[in-house]
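**Student:** Here's a structure for you.
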Amino acid sequence: MVSVPLDSGESVWIERTATAAANLLSHLLRPGARIGLAWGNTMNAVSRALVPKAVSNVTFVQLNGSANAADFVSGFVTDTILRFARNYSAKAQMFPVPTFFDDPATKQAMWRERSVRRVLDLQEQADILMYSVGSHTAHTPSHVYSAGYLAASDLSILSAEGAVGDVATVFYRADGSHQGLSLNARASGPELTLMQRVQESVCVVSGLGKVAALHAALQGQLMHRLIVDEVTAQ
């Protein structure tokens, strides 16, 4: 839990939380490590709090696609992933697929392609995962909600099906369950069981708007480590 000044606002909370996450990542990194990253506002903040440190043969792997109908190559996502990699003199493996496919069958076909399978295999082999929870109710809405990745009809379906948050753009309900949510069949993020299998799965959360999504993720045991500011935790 990250301490914050009593009279401070959410911008200070996220800054301090991002610094704590950046320090933890530097502590955890070992030569040859593979790190899966889910992009978003929080990971962008963490990337800006990193202190340069060279670690040999490290690879950062993007966990979910970043293309949408309006912007096929997202500079926001690319810059975030590359900032992590450059900080540690590491390699970056991007995942150049749509964040959400229009048709689940298209996703299934893409997942059989060797180039895509290589990225999926790297994700499965990750030693460390770092991500946040997404929420459309946060003071600063998660990037996936604010940058045109989801249509109004998608949000209506998520609400009707009881989704309260997402990890790597894979959605889950208030009890942490994710099976049967229709949008997940079109989502490019990994099965959320990956967060349960990887021992160093680190969830970084800050902001009162993310409380419901964080509570649900805890219910579903979708992390092994949590870095959160004390006000959000309370």
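Within each chain, counting starts at residue 1; across the structure tokens, chains are named A, B, ... in the order shown, with ligands numbered 1 upward in that order.
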List as a list of chain:residue names the protein and nucleic acid residues near Ile227 of chain A, meaning an atom at most 9 Å away when only C-alpha atoms are counted, but skip any in the same chain fewer than 6 places from it.
**Tutor:**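 So the residues in contact are A:Met1, A:Val2, A:Thr17, A:Ala18, A:Ala20, A:Ala21, A:Val202, A:Cys203, A:Val204, A:Val205, A:Ser206.
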**Student:** Quick one: contact table of segment 50-98 of chain A to segment 175-196 of chain A, 7 Å max, nearest atom pair and distance in Å to one decimal per residue, counting only C-alpha atoms, chain and number order, as CSV?
**Tutor:**
```
residue,atom,partner,partner_atom,distance
A:Leu63,CA,A:Gly189,CA,5.9
A:Asn64,CA,A:Gly189,CA,4.3
A:Gly65,CA,A:Ser188,CA,5.6
A:Pro98,CA,A:Ser188,CA,6.9
```
**Student:** With C-alpha atoms kept, could you save the residues just selected as a compact mmCIF listing (two decimals), in the first residue's frame?
**Tutor:**
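This went into selection-v5.txt:
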```txt
# COMPACT_ATOMS: atom_id res chain seq x y z
CA LEU A 63 -0.41 -8.44 -23.75
CA ASN A 64 -3.32 -7.05 -25.77
CA GLY A 65 -3.73 -5.53 -29.20
CA PRO A 98 -7.02 -5.15 -33.08
```
**Student:** Could you pull out the strand (DSSP E) residues of segment 48-231 of chain A, going by DSSP on the backbone, and write them as a CSV table (one decimal) with all heavy atoms, in the first residue's frame?
**Tutor:**
```
chain,number,residue,atom,x,y,z
A,59,THR,N,12.9,-9.1,-22.3
A,59,THR,CA,11.9,-8.8,-23.3
A,59,THR,C,10.6,-8.4,-22.7
A,59,THR,O,10.1,-9.1,-21.8
A,59,THR,CB,11.7,-10.1,-24.2
A,59,THR,OG1,12.9,-10.5,-24.8
A,59,THR,CG2,10.7,-9.8,-25.3
A,60,PHE,N,10.1,-7.3,-23.2
A,60,PHE,CA,8.8,-6.8,-22.8
A,60,PHE,C,7.8,-7.2,-23.9
A,60,PHE,O,8.0,-6.9,-25.1
A,60,PHE,CB,8.8,-5.3,-22.6
A,60,PHE,CG,9.4,-4.9,-21.3
A,60,PHE,CD1,10.8,-4.6,-21.3
A,60,PHE,CD2,8.7,-4.8,-20.1
A,60,PHE,CE1,11.5,-4.3,-20.1
A,60,PHE,CE2,9.3,-4.4,-18.9
A,60,PHE,CZ,10.7,-4.2,-18.9
A,61,VAL,N,6.7,-7.8,-23.5
A,61,VAL,CA,5.7,-8.3,-24.4
A,61,VAL,C,4.4,-7.6,-24.2
A,61,VAL,O,3.9,-7.6,-23.1
A,61,VAL,CB,5.5,-9.9,-24.3
A,61,VAL,CG1,4.6,-10.4,-25.3
A,61,VAL,CG2,6.9,-10.6,-24.3
A,62,GLN,N,3.8,-7.1,-25.3
A,62,GLN,CA,2.5,-6.5,-25.2
A,62,GLN,C,1.4,-7.5,-25.0
A,62,GLN,O,1.4,-8.5,-25.8
A,62,GLN,CB,2.3,-5.6,-26.5
A,62,GLN,CG,1.0,-4.9,-26.5
A,62,GLN,CD,0.9,-4.0,-27.8
A,62,GLN,OE1,1.9,-3.6,-28.3
A,62,GLN,NE2,-0.3,-3.9,-28.3
A,91,LYS,N,14.4,-5.7,-25.2
A,91,LYS,CA,13.7,-5.8,-26.5
A,91,LYS,C,12.2,-5.6,-26.2
A,91,LYS,O,11.7,-5.9,-25.1
A,91,LYS,CB,13.9,-7.2,-27.1
A,91,LYS,CG,15.3,-7.5,-27.5
A,91,LYS,CD,15.5,-8.9,-28.1
A,91,LYS,CE,15.6,-9.9,-26.9
A,91,LYS,NZ,16.0,-11.2,-27.4
A,92,ALA,N,11.5,-5.2,-27.2
A,92,ALA,CA,10.0,-5.0,-27.1
A,92,ALA,C,9.4,-5.9,-28.2
A,92,ALA,O,9.7,-5.8,-29.4
A,92,ALA,CB,9.7,-3.6,-27.3
A,93,GLN,N,8.4,-6.7,-27.8
A,93,GLN,CA,7.6,-7.4,-28.7
A,93,GLN,C,6.2,-6.8,-28.7
A,93,GLN,O,5.4,-7.0,-27.8
A,93,GLN,CB,7.5,-8.9,-28.3
A,93,GLN,CG,6.6,-9.7,-29.2
A,93,GLN,CD,7.0,-9.7,-30.6
A,93,GLN,OE1,8.1,-10.2,-31.0
A,93,GLN,NE2,6.2,-9.1,-31.5
A,128,ILE,N,7.0,-12.2,-15.4
A,128,ILE,CA,6.4,-11.1,-14.7
A,128,ILE,C,5.2,-10.6,-15.5
A,128,ILE,O,5.4,-10.4,-16.8
A,128,ILE,CB,7.4,-10.0,-14.4
A,128,ILE,CG1,8.6,-10.6,-13.6
A,128,ILE,CG2,6.7,-8.9,-13.6
A,128,ILE,CD1,9.7,-9.6,-13.5
A,129,LEU,N,4.1,-10.3,-14.9
A,129,LEU,CA,3.1,-9.5,-15.6
A,129,LEU,C,2.8,-8.2,-14.8
A,129,LEU,O,2.9,-8.2,-13.6
A,129,LEU,CB,1.7,-10.3,-15.6
A,129,LEU,CG,1.8,-11.7,-16.3
A,129,LEU,CD1,0.4,-12.4,-16.1
A,129,LEU,CD2,2.1,-11.6,-17.8
A,130,MET,N,2.6,-7.1,-15.6
A,130,MET,CA,2.3,-5.9,-14.9
A,130,MET,C,1.1,-5.2,-15.7
A,130,MET,O,1.1,-5.1,-16.9
A,130,MET,CB,3.5,-4.9,-14.8
A,130,MET,CG,3.2,-3.7,-14.0
A,130,MET,SD,4.7,-2.7,-13.6
A,130,MET,CE,5.2,-3.6,-12.1
A,131,TYR,N,0.1,-4.8,-14.9
A,131,TYR,CA,-1.1,-4.3,-15.5
A,131,TYR,C,-1.9,-3.6,-14.5
A,131,TYR,O,-1.6,-3.6,-13.3
A,131,TYR,CB,-2.0,-5.5,-16.0
A,131,TYR,CG,-2.2,-6.6,-15.0
A,131,TYR,CD1,-3.3,-6.7,-14.2
A,131,TYR,CD2,-1.2,-7.6,-14.9
A,131,TYR,CE1,-3.4,-7.7,-13.2
A,131,TYR,CE2,-1.4,-8.6,-13.9
A,131,TYR,CZ,-2.5,-8.6,-13.1
A,131,TYR,OH,-2.6,-9.6,-12.2
A,163,ALA,N,-20.6,-6.8,-16.5
A,163,ALA,CA,-19.2,-6.5,-16.4
A,163,ALA,C,-18.9,-5.2,-15.6
A,163,ALA,O,-19.6,-4.2,-15.7
A,163,ALA,CB,-18.6,-6.3,-17.8
A,164,VAL,N,-17.9,-5.3,-14.7
A,164,VAL,CA,-17.5,-4.1,-13.9
A,164,VAL,C,-16.1,-3.6,-14.2
A,164,VAL,O,-15.8,-2.5,-13.7
A,164,VAL,CB,-17.7,-4.4,-12.4
A,164,VAL,CG1,-19.2,-4.8,-12.1
A,164,VAL,CG2,-16.8,-5.5,-12.0
A,165,GLY,N,-15.3,-4.4,-14.9
A,165,GLY,CA,-13.9,-3.9,-15.1
A,165,GLY,C,-13.3,-4.9,-16.1
A,165,GLY,O,-13.9,-5.8,-16.6
A,166,ASP,N,-12.0,-4.5,-16.4
A,166,ASP,CA,-11.2,-5.4,-17.3
A,166,ASP,C,-9.8,-5.4,-16.9
A,166,ASP,O,-9.3,-4.4,-16.2
A,166,ASP,CB,-11.4,-4.9,-18.8
A,166,ASP,CG,-10.6,-3.6,-19.0
A,166,ASP,OD1,-11.1,-2.5,-18.8
A,166,ASP,OD2,-9.4,-3.8,-19.5
A,167,VAL,N,-9.1,-6.4,-17.3
A,167,VAL,CA,-7.6,-6.5,-17.2
A,167,VAL,C,-7.2,-6.9,-18.6
A,167,VAL,O,-7.6,-7.9,-19.2
A,167,VAL,CB,-7.2,-7.6,-16.2
A,167,VAL,CG1,-5.7,-7.9,-16.4
A,167,VAL,CG2,-7.5,-7.2,-14.8
A,170,VAL,N,-9.8,-7.7,-21.2
A,170,VAL,CA,-10.7,-8.8,-21.0
A,170,VAL,C,-11.5,-8.5,-19.8
A,170,VAL,O,-11.0,-8.2,-18.7
A,170,VAL,CB,-9.8,-10.1,-20.8
A,170,VAL,CG1,-10.7,-11.3,-20.5
A,170,VAL,CG2,-9.0,-10.4,-22.0
A,171,PHE,N,-12.8,-8.7,-19.9
A,171,PHE,CA,-13.8,-8.2,-18.9
A,171,PHE,C,-14.2,-9.2,-17.9
A,171,PHE,O,-14.1,-10.4,-18.2
A,171,PHE,CB,-15.0,-7.6,-19.6
A,171,PHE,CG,-14.7,-6.5,-20.5
A,171,PHE,CD1,-14.4,-6.7,-21.9
A,171,PHE,CD2,-14.7,-5.2,-20.1
A,171,PHE,CE1,-14.1,-5.6,-22.7
A,171,PHE,CE2,-14.4,-4.1,-20.9
A,171,PHE,CZ,-14.1,-4.3,-22.2
A,172,TYR,N,-14.6,-8.7,-16.7
A,172,TYR,CA,-15.0,-9.6,-15.6
A,172,TYR,C,-16.2,-9.0,-14.9
A,172,TYR,O,-16.4,-7.7,-14.9
A,172,TYR,CB,-13.9,-10.0,-14.7
A,172,TYR,CG,-13.1,-8.8,-14.2
A,172,TYR,CD1,-13.5,-8.1,-13.0
A,172,TYR,CD2,-12.0,-8.3,-14.8
A,172,TYR,CE1,-12.8,-7.0,-12.5
A,172,TYR,CE2,-11.3,-7.2,-14.4
A,172,TYR,CZ,-11.7,-6.6,-13.2
A,172,TYR,OH,-11.0,-5.5,-12.7
A,173,ARG,N,-16.9,-9.8,-14.1
A,173,ARG,CA,-18.0,-9.4,-13.3
A,173,ARG,C,-17.6,-9.0,-11.9
A,173,ARG,O,-16.4,-9.2,-11.5
A,173,ARG,CB,-19.1,-10.5,-13.3
A,173,ARG,CG,-19.6,-11.0,-14.7
A,173,ARG,CD,-20.5,-12.1,-14.5
A,173,ARG,NE,-20.9,-12.7,-15.8
A,173,ARG,CZ,-20.2,-13.6,-16.5
A,173,ARG,NH1,-19.1,-14.1,-15.9
A,173,ARG,NH2,-20.6,-14.1,-17.6
A,200,GLU,N,4.5,-13.8,-10.4
A,200,GLU,CA,4.8,-12.4,-10.3
A,200,GLU,C,3.8,-11.6,-11.2
A,200,GLU,O,4.2,-10.9,-12.1
A,200,GLU,CB,6.2,-12.1,-10.6
A,200,GLU,CG,7.2,-12.6,-9.6
A,200,GLU,CD,7.1,-12.0,-8.2
A,200,GLU,OE1,6.3,-11.0,-8.0
A,200,GLU,OE2,7.8,-12.4,-7.3
A,201,SER,N,2.5,-11.8,-10.9
A,201,SER,CA,1.5,-10.9,-11.6
A,201,SER,C,1.2,-9.7,-10.7
A,201,SER,O,0.7,-9.9,-9.6
A,201,SER,CB,0.3,-11.8,-11.9
A,201,SER,OG,-0.3,-12.3,-10.7
A,202,VAL,N,1.6,-8.6,-11.2
A,202,VAL,CA,1.5,-7.3,-10.4
A,202,VAL,C,0.4,-6.4,-10.9
A,202,VAL,O,0.5,-6.0,-12.1
A,202,VAL,CB,2.9,-6.6,-10.4
A,202,VAL,CG1,2.8,-5.4,-9.5
A,202,VAL,CG2,4.0,-7.5,-10.0
A,203,CYS,N,-0.6,-6.1,-10.1
A,203,CYS,CA,-1.6,-5.2,-10.5
A,203,CYS,C,-1.4,-3.9,-9.8
A,203,CYS,O,-1.1,-3.8,-8.6
A,203,CYS,CB,-3.0,-5.8,-10.0
A,203,CYS,SG,-4.4,-4.9,-10.6
A,204,VAL,N,-1.5,-2.8,-10.6
A,204,VAL,CA,-1.2,-1.5,-10.1
A,204,VAL,C,-2.5,-0.6,-10.2
A,204,VAL,O,-3.0,-0.5,-11.4
A,204,VAL,CB,0.0,-0.8,-10.9
A,204,VAL,CG1,0.4,0.5,-10.3
A,204,VAL,CG2,1.2,-1.8,-11.0
A,205,VAL,N,-3.0,-0.1,-9.1
A,205,VAL,CA,-4.3,0.6,-9.2
A,205,VAL,C,-4.2,1.8,-8.3
A,205,VAL,O,-3.7,1.9,-7.2
A,205,VAL,CB,-5.4,-0.4,-8.6
A,205,VAL,CG1,-6.7,0.4,-8.7
A,205,VAL,CG2,-5.4,-1.7,-9.4
A,225,ARG,N,0.3,-9.9,-6.7
A,225,ARG,CA,0.7,-8.7,-5.9
A,225,ARG,C,-0.2,-7.5,-6.3
A,225,ARG,O,-0.6,-7.4,-7.5
A,225,ARG,CB,2.2,-8.3,-6.3
A,225,ARG,CG,3.3,-9.3,-5.8
A,225,ARG,CD,4.6,-8.7,-6.2
A,225,ARG,NE,5.7,-9.6,-5.9
A,225,ARG,CZ,6.6,-9.4,-5.0
A,225,ARG,NH1,6.5,-8.3,-4.2
A,225,ARG,NH2,7.6,-10.2,-4.8
A,226,LEU,N,-0.4,-6.7,-5.3
A,226,LEU,CA,-1.2,-5.5,-5.6
A,226,LEU,C,-0.4,-4.2,-5.1
A,226,LEU,O,0.0,-4.2,-3.9
A,226,LEU,CB,-2.6,-5.5,-4.9
A,226,LEU,CG,-3.4,-4.3,-4.9
A,226,LEU,CD1,-3.8,-3.9,-6.3
A,226,LEU,CD2,-4.7,-4.5,-4.0
A,227,ILE,N,-0.3,-3.2,-5.9
A,227,ILE,CA,0.3,-1.9,-5.5
A,227,ILE,C,-0.9,-0.9,-5.7
A,227,ILE,O,-1.4,-0.7,-6.8
A,227,ILE,CB,1.5,-1.5,-6.4
A,227,ILE,CG1,2.6,-2.6,-6.3
A,227,ILE,CG2,2.0,-0.2,-6.0
A,227,ILE,CD1,3.8,-2.3,-7.2
A,228,VAL,N,-1.3,-0.3,-4.6
A,228,VAL,CA,-2.4,0.5,-4.5
A,228,VAL,C,-2.2,1.7,-3.5
A,228,VAL,O,-1.6,1.5,-2.5
A,228,VAL,CB,-3.7,-0.3,-4.2
A,228,VAL,CG1,-3.6,-0.9,-2.8
A,228,VAL,CG2,-5.0,0.6,-4.3
```
**Student:** With a distance cut-off of 9 Å and only C-alpha atoms, select the neighbouring residues of Gln125 of chain A, excluding the residue or stretch itself and same-chain residues fewer than 5 positions from it, and output the selection as a count of residues only.
**Tutor:** 4
**Student:** Which residue gives the smallest distance to Thr99 of chain A among A:Asn68, A:Thr140, A:Asn23, A:Ser132, with only C-alpha atoms counted?
**Tutor:** A:Asn68
**Student:** Between A:Ser66, A:Ser153, A:Gln108, A:Gln219, which residue has the minimum interatomic distance to Trp39 of chain A, considering only C-alpha atoms?
**Tutor:** A:Ser66
**Student:** To one decimal in Å, tell me the separation between atom CA of Leu222 of chain A and atom CA of Met110 of chain A.
**Tutor:**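 Separation of atom CA of Leu222 of chain A and atom CA of Met110 of chain A: 26.0 Å.
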